[in-house]
Structure formats: structure tokens, C-alpha cells
$ cat target03.cif   # mmCIF, N, CA and C atoms
data_data
#
loop_
_atom_site.label_atom_id
_atom_site.label_comp_id
_atom_site.auth_asym_id
_atom_site.auth_seq_id
_atom_site.Cartn_x
_atom_site.Cartn_y
_atom_site.Cartn_z
N MET X 1110 0.85 -1.17 0.00
CA MET X 1110 0.00 0.00 0.00
C MET X 1110 0.89 1.22 0.00
N ASN X 1111 0.71 2.11 -0.95
CA ASN X 1111 1.59 3.25 -1.11
C ASN X 1111 1.06 4.52 -0.47
N ARG X 1112 -0.10 4.48 0.14
CA ARG X 1112 -0.67 5.69 0.72
C ARG X 1112 -1.36 5.35 2.02
N GLU X 1113 -1.61 6.39 2.79
CA GLU X 1113 -2.37 6.19 4.02
C GLU X 1113 -3.84 6.00 3.68
N LEU X 1114 -4.52 5.24 4.50
CA LEU X 1114 -5.95 5.03 4.29
C LEU X 1114 -6.73 6.21 4.85
N SER X 1115 -7.83 6.52 4.19
CA SER X 1115 -8.70 7.58 4.69
C SER X 1115 -9.45 7.06 5.92
N GLU X 1116 -10.06 7.98 6.62
CA GLU X 1116 -10.85 7.62 7.79
C GLU X 1116 -11.99 6.67 7.41
N MET X 1117 -12.61 6.93 6.26
CA MET X 1117 -13.72 6.10 5.78
C MET X 1117 -13.22 4.69 5.43
N GLU X 1118 -12.05 4.60 4.81
CA GLU X 1118 -11.48 3.29 4.47
C GLU X 1118 -11.15 2.49 5.72
N LEU X 1119 -10.56 3.14 6.72
CA LEU X 1119 -10.25 2.44 7.97
C LEU X 1119 -11.53 1.99 8.68
N MET X 1120 -12.56 2.85 8.68
CA MET X 1120 -13.83 2.48 9.29
C MET X 1120 -14.41 1.24 8.61
N ALA X 1121 -14.37 1.23 7.28
CA ALA X 1121 -14.91 0.08 6.54
C ALA X 1121 -14.13 -1.18 6.86
N LEU X 1122 -12.80 -1.10 6.89
CA LEU X 1122 -11.99 -2.28 7.20
C LEU X 1122 -12.28 -2.78 8.62
N ASN X 1123 -12.37 -1.87 9.57
CA ASN X 1123 -12.68 -2.28 10.95
C ASN X 1123 -14.05 -2.92 11.06
N ASN X 1124 -15.03 -2.36 10.35
CA ASN X 1124 -16.38 -2.95 10.36
C ASN X 1124 -16.37 -4.34 9.74
N ILE X 1125 -15.67 -4.51 8.64
CA ILE X 1125 -15.59 -5.83 8.00
C ILE X 1125 -14.92 -6.82 8.94
N ALA X 1126 -13.84 -6.41 9.58
CA ALA X 1126 -13.12 -7.30 10.51
C ALA X 1126 -14.00 -7.72 11.67
N ALA X 1127 -14.91 -6.84 12.09
CA ALA X 1127 -15.81 -7.14 13.21
C ALA X 1127 -17.06 -7.89 12.76
N GLY X 1128 -17.17 -8.18 11.46
CA GLY X 1128 -18.32 -8.92 10.95
C GLY X 1128 -19.55 -8.06 10.74
N ARG X 1129 -19.35 -6.74 10.67
CA ARG X 1129 -20.47 -5.82 10.45
C ARG X 1129 -20.50 -5.35 9.00
N ASP X 1130 -21.60 -4.71 8.64
CA ASP X 1130 -21.73 -4.06 7.34
C ASP X 1130 -20.62 -3.00 7.24
N PRO X 1131 -19.89 -2.97 6.13
CA PRO X 1131 -18.80 -2.00 6.02
C PRO X 1131 -19.26 -0.56 6.25
N PHE X 1132 -20.50 -0.26 5.89
CA PHE X 1132 -21.00 1.10 5.99
C PHE X 1132 -22.37 1.13 6.65
N GLY X 1133 -22.47 0.55 7.81
CA GLY X 1133 -23.74 0.57 8.54
C GLY X 1133 -24.22 1.97 8.84
N GLU X 1134 -23.27 2.92 8.88
CA GLU X 1134 -23.61 4.31 9.18
C GLU X 1134 -23.96 5.09 7.92
N CYS X 1135 -23.91 4.47 6.77
CA CYS X 1135 -24.12 5.15 5.49
C CYS X 1135 -25.61 5.14 5.16
N HIS X 1136 -26.32 6.18 5.61
CA HIS X 1136 -27.77 6.21 5.43
C HIS X 1136 -28.24 7.30 4.48
N VAL X 1137 -27.40 8.28 4.24
CA VAL X 1137 -27.78 9.40 3.40
C VAL X 1137 -27.47 9.06 1.95
N ARG X 1138 -28.37 9.37 1.06
CA ARG X 1138 -28.21 9.02 -0.36
C ARG X 1138 -26.88 9.52 -0.92
N GLY X 1139 -26.47 10.72 -0.56
CA GLY X 1139 -25.21 11.27 -1.05
C GLY X 1139 -24.00 10.50 -0.58
N ASP X 1140 -24.11 9.83 0.56
CA ASP X 1140 -22.99 9.05 1.08
C ASP X 1140 -22.83 7.72 0.36
N TYR X 1141 -23.87 7.24 -0.27
CA TYR X 1141 -23.84 5.92 -0.91
C TYR X 1141 -22.74 5.85 -1.96
N GLY X 1142 -22.60 6.87 -2.76
CA GLY X 1142 -21.55 6.88 -3.78
C GLY X 1142 -20.17 6.84 -3.17
N LYS X 1143 -19.97 7.59 -2.09
CA LYS X 1143 -18.68 7.58 -1.41
C LYS X 1143 -18.38 6.18 -0.85
N CYS X 1144 -19.39 5.55 -0.32
CA CYS X 1144 -19.22 4.20 0.23
C CYS X 1144 -18.80 3.21 -0.86
N MET X 1145 -19.45 3.29 -2.01
CA MET X 1145 -19.11 2.38 -3.10
C MET X 1145 -17.71 2.66 -3.65
N LEU X 1146 -17.34 3.93 -3.75
CA LEU X 1146 -16.00 4.28 -4.21
C LEU X 1146 -14.94 3.80 -3.21
N THR X 1147 -15.26 3.87 -1.93
CA THR X 1147 -14.34 3.41 -0.90
C THR X 1147 -14.12 1.91 -1.02
N LEU X 1148 -15.20 1.15 -1.20
CA LEU X 1148 -15.06 -0.31 -1.36
C LEU X 1148 -14.24 -0.64 -2.61
N ALA X 1149 -14.47 0.09 -3.69
CA ALA X 1149 -13.70 -0.13 -4.92
C ALA X 1149 -12.22 0.15 -4.69
N ALA X 1150 -11.92 1.20 -3.95
CA ALA X 1150 -10.52 1.54 -3.66
C ALA X 1150 -9.87 0.45 -2.80
N LEU X 1151 -10.61 -0.08 -1.83
CA LEU X 1151 -10.06 -1.15 -0.98
C LEU X 1151 -9.82 -2.42 -1.79
N ARG X 1152 -10.70 -2.70 -2.75
CA ARG X 1152 -10.50 -3.86 -3.62
C ARG X 1152 -9.26 -3.67 -4.49
N ARG X 1153 -9.13 -2.48 -5.11
CA ARG X 1153 -7.96 -2.21 -5.97
C ARG X 1153 -6.66 -2.30 -5.19
N ALA X 1154 -6.71 -1.89 -3.93
CA ALA X 1154 -5.52 -1.94 -3.09
C ALA X 1154 -5.23 -3.36 -2.60
N GLY X 1155 -6.17 -4.29 -2.84
CA GLY X 1155 -5.98 -5.67 -2.42
C GLY X 1155 -6.25 -5.91 -0.95
N LEU X 1156 -6.99 -5.00 -0.30
CA LEU X 1156 -7.26 -5.14 1.12
C LEU X 1156 -8.54 -5.92 1.41
N ILE X 1157 -9.45 -5.96 0.43
CA ILE X 1157 -10.64 -6.80 0.53
C ILE X 1157 -10.81 -7.54 -0.80
N ASP X 1158 -11.50 -8.68 -0.73
CA ASP X 1158 -11.74 -9.43 -1.96
C ASP X 1158 -13.10 -9.03 -2.57
N HIS X 1159 -13.50 -9.70 -3.62
CA HIS X 1159 -14.74 -9.32 -4.30
C HIS X 1159 -15.99 -9.69 -3.51
N HIS X 1160 -15.82 -10.39 -2.39
CA HIS X 1160 -16.94 -10.69 -1.49
C HIS X 1160 -16.92 -9.78 -0.27
N ASP X 1161 -16.10 -8.73 -0.33
CA ASP X 1161 -15.93 -7.76 0.76
C ASP X 1161 -15.44 -8.42 2.04
N ARG X 1162 -14.51 -9.36 1.89
CA ARG X 1162 -13.85 -9.98 3.04
C ARG X 1162 -12.41 -9.51 3.07
N LEU X 1163 -11.86 -9.37 4.27
CA LEU X 1163 -10.48 -8.93 4.39
C LEU X 1163 -9.53 -9.95 3.78
N THR X 1164 -8.54 -9.45 3.10
CA THR X 1164 -7.45 -10.30 2.60
C THR X 1164 -6.35 -10.29 3.66
N ASP X 1165 -5.30 -11.06 3.41
CA ASP X 1165 -4.16 -11.05 4.33
C ASP X 1165 -3.57 -9.65 4.44
N ALA X 1166 -3.53 -8.94 3.32
CA ALA X 1166 -3.01 -7.57 3.33
C ALA X 1166 -3.91 -6.67 4.16
N GLY X 1167 -5.22 -6.86 4.08
CA GLY X 1167 -6.15 -6.08 4.88
C GLY X 1167 -5.97 -6.32 6.36
N HIS X 1168 -5.78 -7.59 6.74
CA HIS X 1168 -5.50 -7.91 8.14
C HIS X 1168 -4.20 -7.24 8.58
N GLY X 1169 -3.21 -7.25 7.70
CA GLY X 1169 -1.92 -6.63 8.02
C GLY X 1169 -2.05 -5.13 8.26
N VAL X 1170 -2.85 -4.48 7.45
CA VAL X 1170 -3.06 -3.03 7.63
C VAL X 1170 -3.71 -2.74 8.98
N LEU X 1171 -4.71 -3.53 9.33
CA LEU X 1171 -5.39 -3.31 10.61
C LEU X 1171 -4.45 -3.58 11.78
N THR X 1172 -3.62 -4.60 11.65
CA THR X 1172 -2.67 -4.92 12.70
C THR X 1172 -1.66 -3.80 12.87
N SER X 1173 -1.16 -3.28 11.76
CA SER X 1173 -0.16 -2.22 11.83
C SER X 1173 -0.78 -0.90 12.29
N SER X 1174 -2.05 -0.64 11.95
CA SER X 1174 -2.67 0.62 12.36
C SER X 1174 -3.05 0.59 13.84
N ALA X 1175 -3.19 -0.61 14.40
CA ALA X 1175 -3.54 -0.73 15.82
C ALA X 1175 -2.29 -0.55 16.70
N ALA X 1176 -1.13 -0.73 16.13
CA ALA X 1176 0.11 -0.65 16.92
C ALA X 1176 0.51 0.78 17.19
#
$ encode --input "target03.cif" --output "C-alpha cells"
Amino acid sequence: MNRELSEMELMALNNIAAGRDPFGECHVRGDYGKCMLTLAALRRAGLIDHHDRLTDAGHGVLTSSAA
């Protein structure tokens, strides 16, 4: 990963790791597009797979961000 994750990306990863909806807080129509773009960015970065599950790299990011 060549860049820092945004707050929204970290929130989504943490929610996925906890078994929750990545964007349970995404209720406003305008936020929906941001949520989808965030998931696409996480997929491109290899942090989640096409089923929105954390990859090994995604687990690594969460482990390193918790330290």
C-alpha cells in the first residue's frame, strides 16, 4: 500500500473485521456513492476481496494501524 488510508477506508476495514456491514452508518443518499468508491478503492488496493472480506493484506493493515 503506497498511501495512508482515509478515515472512511479504515472504518470500513474495521467494520468488515468485526463482521459488520462496512458502511452501517451510510444512510444518506449522497454518502452511498462515497461508500461504493471506498469499497472499490479497498479492492484495488488488495485489502478486501470481491466478497468484501479482508485479505491477508487487509489484516496486516489493521494490525499495523492498531500498533
$ residues_around --input "target03.cif" --residues "Ala1121 in chain X" --least-positions-apart "3" --cutoff "8 Å" --atoms "only N, CA and C atoms" --output "tab-separated table (two decimals) with N, CA and C atoms, keeping the file's coordinate frame"
chain	number	residue	atom	x	y	z
X	1115	SER	N	-7.83	6.52	4.19
X	1115	SER	CA	-8.70	7.58	4.69
X	1115	SER	C	-9.45	7.06	5.92
X	1116	GLU	N	-10.06	7.98	6.62
X	1116	GLU	CA	-10.85	7.62	7.79
X	1116	GLU	C	-11.99	6.67	7.41
X	1117	MET	N	-12.61	6.93	6.26
X	1117	MET	CA	-13.72	6.10	5.78
X	1117	MET	C	-13.22	4.69	5.43
X	1118	GLU	N	-12.05	4.60	4.81
X	1118	GLU	CA	-11.48	3.29	4.47
X	1118	GLU	C	-11.15	2.49	5.72
X	1124	ASN	N	-15.03	-2.36	10.35
X	1124	ASN	CA	-16.38	-2.95	10.36
X	1124	ASN	C	-16.37	-4.34	9.74
X	1125	ILE	N	-15.67	-4.51	8.64
X	1125	ILE	CA	-15.59	-5.83	8.00
X	1125	ILE	C	-14.92	-6.82	8.94
X	1126	ALA	N	-13.84	-6.41	9.58
X	1126	ALA	CA	-13.12	-7.30	10.51
X	1126	ALA	C	-14.00	-7.72	11.67
X	1127	ALA	N	-14.91	-6.84	12.09
X	1127	ALA	CA	-15.81	-7.14	13.21
X	1127	ALA	C	-17.06	-7.89	12.76
X	1129	ARG	N	-19.35	-6.74	10.67
X	1129	ARG	CA	-20.47	-5.82	10.45
X	1129	ARG	C	-20.50	-5.35	9.00
X	1130	ASP	N	-21.60	-4.71	8.64
X	1130	ASP	CA	-21.73	-4.06	7.34
X	1130	ASP	C	-20.62	-3.00	7.24
X	1131	PRO	N	-19.89	-2.97	6.13
X	1131	PRO	CA	-18.80	-2.00	6.02
X	1131	PRO	C	-19.26	-0.56	6.25
X	1132	PHE	N	-20.50	-0.26	5.89
X	1132	PHE	CA	-21.00	1.10	5.99
X	1132	PHE	C	-22.37	1.13	6.65
X	1133	GLY	N	-22.47	0.55	7.81
X	1133	GLY	CA	-23.74	0.57	8.54
X	1133	GLY	C	-24.22	1.97	8.84
X	1147	THR	N	-15.26	3.87	-1.93
X	1147	THR	CA	-14.34	3.41	-0.90
X	1147	THR	C	-14.12	1.91	-1.02
X	1148	LEU	N	-15.20	1.15	-1.20
X	1148	LEU	CA	-15.06	-0.31	-1.36
X	1148	LEU	C	-14.24	-0.64	-2.61
$ closest_residue --input "target03.cif" --among "X:Leu1156, X:Lys1143, X:Ala1150, X:Val1137" --to "Val1170 in chain X" --atoms "all atoms listed in the file"
X:Leu1156
$ atom_distance --input "target03.cif" --atom1 "CA of Asn1123 in chain X" --atom2 "atom N of Gly1167 in chain X"
11.1 Å
$ atom_distance --input "target03.cif" --atom1 "CA of Gly1142 in chain X" --atom2 "CA of Gly1128 in chain X"
21.8 Å
$ atom_distance --input "target03.cif" --atom1 "atom N of Ala1149 in chain X" --atom2 "atom C of Leu1171 in chain X"
18.8 Å
$ select_by_dssp --input "target03.cif" --residues "chain X" --states "helix (DSSP H, G or I)" --output "PDB file with N, CA and C atoms, in the frame of the given file"
ATOM      1  N   GLU X1116     -10.060   7.980   6.620  1.00  0.00           N
ATOM      2  CA  GLU X1116     -10.850   7.620   7.790  1.00  0.00           C
ATOM      3  C   GLU X1116     -11.990   6.670   7.410  1.00  0.00           C
ATOM      4  N   MET X1117     -12.610   6.930   6.260  1.00  0.00           N
ATOM      5  CA  MET X1117     -13.720   6.100   5.780  1.00  0.00           C
ATOM      6  C   MET X1117     -13.220   4.690   5.430  1.00  0.00           C
ATOM      7  N   GLU X1118     -12.050   4.600   4.810  1.00  0.00           N
ATOM      8  CA  GLU X1118     -11.480   3.290   4.470  1.00  0.00           C
ATOM      9  C   GLU X1118     -11.150   2.490   5.720  1.00  0.00           C
ATOM     10  N   LEU X1119     -10.560   3.140   6.720  1.00  0.00           N
ATOM     11  CA  LEU X1119     -10.250   2.440   7.970  1.00  0.00           C
ATOM     12  C   LEU X1119     -11.530   1.990   8.680  1.00  0.00           C
ATOM     13  N   MET X1120     -12.560   2.850   8.680  1.00  0.00           N
ATOM     14  CA  MET X1120     -13.830   2.480   9.290  1.00  0.00           C
ATOM     15  C   MET X1120     -14.410   1.240   8.610  1.00  0.00           C
ATOM     16  N   ALA X1121     -14.370   1.230   7.280  1.00  0.00           N
ATOM     17  CA  ALA X1121     -14.910   0.080   6.540  1.00  0.00           C
ATOM     18  C   ALA X1121     -14.130  -1.180   6.860  1.00  0.00           C
ATOM     19  N   LEU X1122     -12.800  -1.100   6.890  1.00  0.00           N
ATOM     20  CA  LEU X1122     -11.990  -2.280   7.200  1.00  0.00           C
ATOM     21  C   LEU X1122     -12.280  -2.780   8.620  1.00  0.00           C
ATOM     22  N   ASN X1123     -12.370  -1.870   9.570  1.00  0.00           N
ATOM     23  CA  ASN X1123     -12.680  -2.280  10.950  1.00  0.00           C
ATOM     24  C   ASN X1123     -14.050  -2.920  11.060  1.00  0.00           C
ATOM     25  N   ASN X1124     -15.030  -2.360  10.350  1.00  0.00           N
ATOM     26  CA  ASN X1124     -16.380  -2.950  10.360  1.00  0.00           C
ATOM     27  C   ASN X1124     -16.370  -4.340   9.740  1.00  0.00           C
ATOM     28  N   ILE X1125     -15.670  -4.510   8.640  1.00  0.00           N
ATOM     29  CA  ILE X1125     -15.590  -5.830   8.000  1.00  0.00           C
ATOM     30  C   ILE X1125     -14.920  -6.820   8.940  1.00  0.00           C
ATOM     31  N   ALA X1126     -13.840  -6.410   9.580  1.00  0.00           N
ATOM     32  CA  ALA X1126     -13.120  -7.300  10.510  1.00  0.00           C
ATOM     33  C   ALA X1126     -14.000  -7.720  11.670  1.00  0.00           C
ATOM     34  N   ARG X1138     -28.370   9.370   1.060  1.00  0.00           N
ATOM     35  CA  ARG X1138     -28.210   9.020  -0.360  1.00  0.00           C
ATOM     36  C   ARG X1138     -26.880   9.520  -0.920  1.00  0.00           C
ATOM     37  N   GLY X1139     -26.470  10.720  -0.560  1.00  0.00           N
ATOM     38  CA  GLY X1139     -25.210  11.270  -1.050  1.00  0.00           C
ATOM     39  C   GLY X1139     -24.000  10.500  -0.580  1.00  0.00           C
ATOM     40  N   ASP X1140     -24.110   9.830   0.560  1.00  0.00           N
ATOM     41  CA  ASP X1140     -22.990   9.050   1.080  1.00  0.00           C
ATOM     42  C   ASP X1140     -22.830   7.720   0.360  1.00  0.00           C
ATOM     43  N   TYR X1141     -23.870   7.240  -0.270  1.00  0.00           N
ATOM     44  CA  TYR X1141     -23.840   5.920  -0.910  1.00  0.00           C
ATOM     45  C   TYR X1141     -22.740   5.850  -1.960  1.00  0.00           C
ATOM     46  N   GLY X1142     -22.600   6.870  -2.760  1.00  0.00           N
ATOM     47  CA  GLY X1142     -21.550   6.880  -3.780  1.00  0.00           C
ATOM     48  C   GLY X1142     -20.170   6.840  -3.170  1.00  0.00           C
ATOM     49  N   LYS X1143     -19.970   7.590  -2.090  1.00  0.00           N
ATOM     50  CA  LYS X1143     -18.680   7.580  -1.410  1.00  0.00           C
ATOM     51  C   LYS X1143     -18.380   6.180  -0.850  1.00  0.00           C
ATOM     52  N   CYS X1144     -19.390   5.550  -0.320  1.00  0.00           N
ATOM     53  CA  CYS X1144     -19.220   4.200   0.230  1.00  0.00           C
ATOM     54  C   CYS X1144     -18.800   3.210  -0.860  1.00  0.00           C
ATOM     55  N   MET X1145     -19.450   3.290  -2.010  1.00  0.00           N
ATOM     56  CA  MET X1145     -19.110   2.380  -3.100  1.00  0.00           C
ATOM     57  C   MET X1145     -17.710   2.660  -3.650  1.00  0.00           C
ATOM     58  N   LEU X1146     -17.340   3.930  -3.750  1.00  0.00           N
ATOM     59  CA  LEU X1146     -16.000   4.280  -4.210  1.00  0.00           C
ATOM     60  C   LEU X1146     -14.940   3.800  -3.210  1.00  0.00           C
ATOM     61  N   THR X1147     -15.260   3.870  -1.930  1.00  0.00           N
ATOM     62  CA  THR X1147     -14.340   3.410  -0.900  1.00  0.00           C
ATOM     63  C   THR X1147     -14.120   1.910  -1.020  1.00  0.00           C
ATOM     64  N   LEU X1148     -15.200   1.150  -1.200  1.00  0.00           N
ATOM     65  CA  LEU X1148     -15.060  -0.310  -1.360  1.00  0.00           C
ATOM     66  C   LEU X1148     -14.240  -0.640  -2.610  1.00  0.00           C
ATOM     67  N   ALA X1149     -14.470   0.090  -3.690  1.00  0.00           N
ATOM     68  CA  ALA X1149     -13.700  -0.130  -4.920  1.00  0.00           C
ATOM     69  C   ALA X1149     -12.220   0.150  -4.690  1.00  0.00           C
ATOM     70  N   ALA X1150     -11.920   1.200  -3.950  1.00  0.00           N
ATOM     71  CA  ALA X1150     -10.520   1.540  -3.660  1.00  0.00           C
ATOM     72  C   ALA X1150      -9.870   0.450  -2.800  1.00  0.00           C
ATOM     73  N   LEU X1151     -10.610  -0.080  -1.830  1.00  0.00           N
ATOM     74  CA  LEU X1151     -10.060  -1.150  -0.980  1.00  0.00           C
ATOM     75  C   LEU X1151      -9.820  -2.420  -1.790  1.00  0.00           C
ATOM     76  N   ARG X1152     -10.700  -2.700  -2.750  1.00  0.00           N
ATOM     77  CA  ARG X1152     -10.500  -3.860  -3.620  1.00  0.00           C
ATOM     78  C   ARG X1152      -9.260  -3.670  -4.490  1.00  0.00           C
ATOM     79  N   ARG X1153      -9.130  -2.480  -5.110  1.00  0.00           N
ATOM     80  CA  ARG X1153      -7.960  -2.210  -5.970  1.00  0.00           C
ATOM     81  C   ARG X1153      -6.660  -2.300  -5.190  1.00  0.00           C
ATOM     82  N   ASP X1165      -5.300 -11.060   3.410  1.00  0.00           N
ATOM     83  CA  ASP X1165      -4.160 -11.050   4.330  1.00  0.00           C
ATOM     84  C   ASP X1165      -3.570  -9.650   4.440  1.00  0.00           C
ATOM     85  N   ALA X1166      -3.530  -8.940   3.320  1.00  0.00           N
ATOM     86  CA  ALA X1166      -3.010  -7.570   3.330  1.00  0.00           C
ATOM     87  C   ALA X1166      -3.910  -6.670   4.160  1.00  0.00           C
ATOM     88  N   GLY X1167      -5.220  -6.860   4.080  1.00  0.00           N
ATOM     89  CA  GLY X1167      -6.150  -6.080   4.880  1.00  0.00           C
ATOM     90  C   GLY X1167      -5.970  -6.320   6.360  1.00  0.00           C
ATOM     91  N   HIS X1168      -5.780  -7.590   6.740  1.00  0.00           N
ATOM     92  CA  HIS X1168      -5.500  -7.910   8.140  1.00  0.00           C
ATOM     93  C   HIS X1168      -4.200  -7.240   8.580  1.00  0.00           C
ATOM     94  N   GLY X1169      -3.210  -7.250   7.700  1.00  0.00           N
ATOM     95  CA  GLY X1169      -1.920  -6.630   8.020  1.00  0.00           C
ATOM     96  C   GLY X1169      -2.050  -5.130   8.260  1.00  0.00           C
ATOM     97  N   VAL X1170      -2.850  -4.480   7.450  1.00  0.00           N
ATOM     98  CA  VAL X1170      -3.060  -3.030   7.630  1.00  0.00           C
ATOM     99  C   VAL X1170      -3.710  -2.740   8.980  1.00  0.00           C
ATOM    100  N   LEU X1171      -4.710  -3.530   9.330  1.00  0.00           N
ATOM    101  CA  LEU X1171      -5.390  -3.310  10.610  1.00  0.00           C
ATOM    102  C   LEU X1171      -4.450  -3.580  11.780  1.00  0.00           C
ATOM    103  N   THR X1172      -3.620  -4.600  11.650  1.00  0.00           N
ATOM    104  CA  THR X1172      -2.670  -4.920  12.700  1.00  0.00           C
ATOM    105  C   THR X1172      -1.660  -3.800  12.870  1.00  0.00           C
ATOM    106  N   SER X1173      -1.160  -3.280  11.760  1.00  0.00           N
ATOM    107  CA  SER X1173      -0.160  -2.220  11.830  1.00  0.00           C
ATOM    108  C   SER X1173      -0.780  -0.900  12.290  1.00  0.00           C
ATOM    109  N   SER X1174      -2.050  -0.640  11.950  1.00  0.00           N
ATOM    110  CA  SER X1174      -2.670   0.620  12.360  1.00  0.00           C
ATOM    111  C   SER X1174      -3.050   0.590  13.840  1.00  0.00           C
ATOM    112  N   ALA X1175      -3.190  -0.610  14.400  1.00  0.00           N
ATOM    113  CA  ALA X1175      -3.540  -0.730  15.820  1.00  0.00           C
ATOM    114  C   ALA X1175      -2.290  -0.550  16.700  1.00  0.00           C
TER     115      ALA X1175
END
$ closest_residue --input "target03.cif" --among "X:Ala1154, X:Ala1175, X:Leu1146, X:Leu1163" --to "Leu1122 in chain X" --atoms "all atoms listed in the file"
X:Leu1163
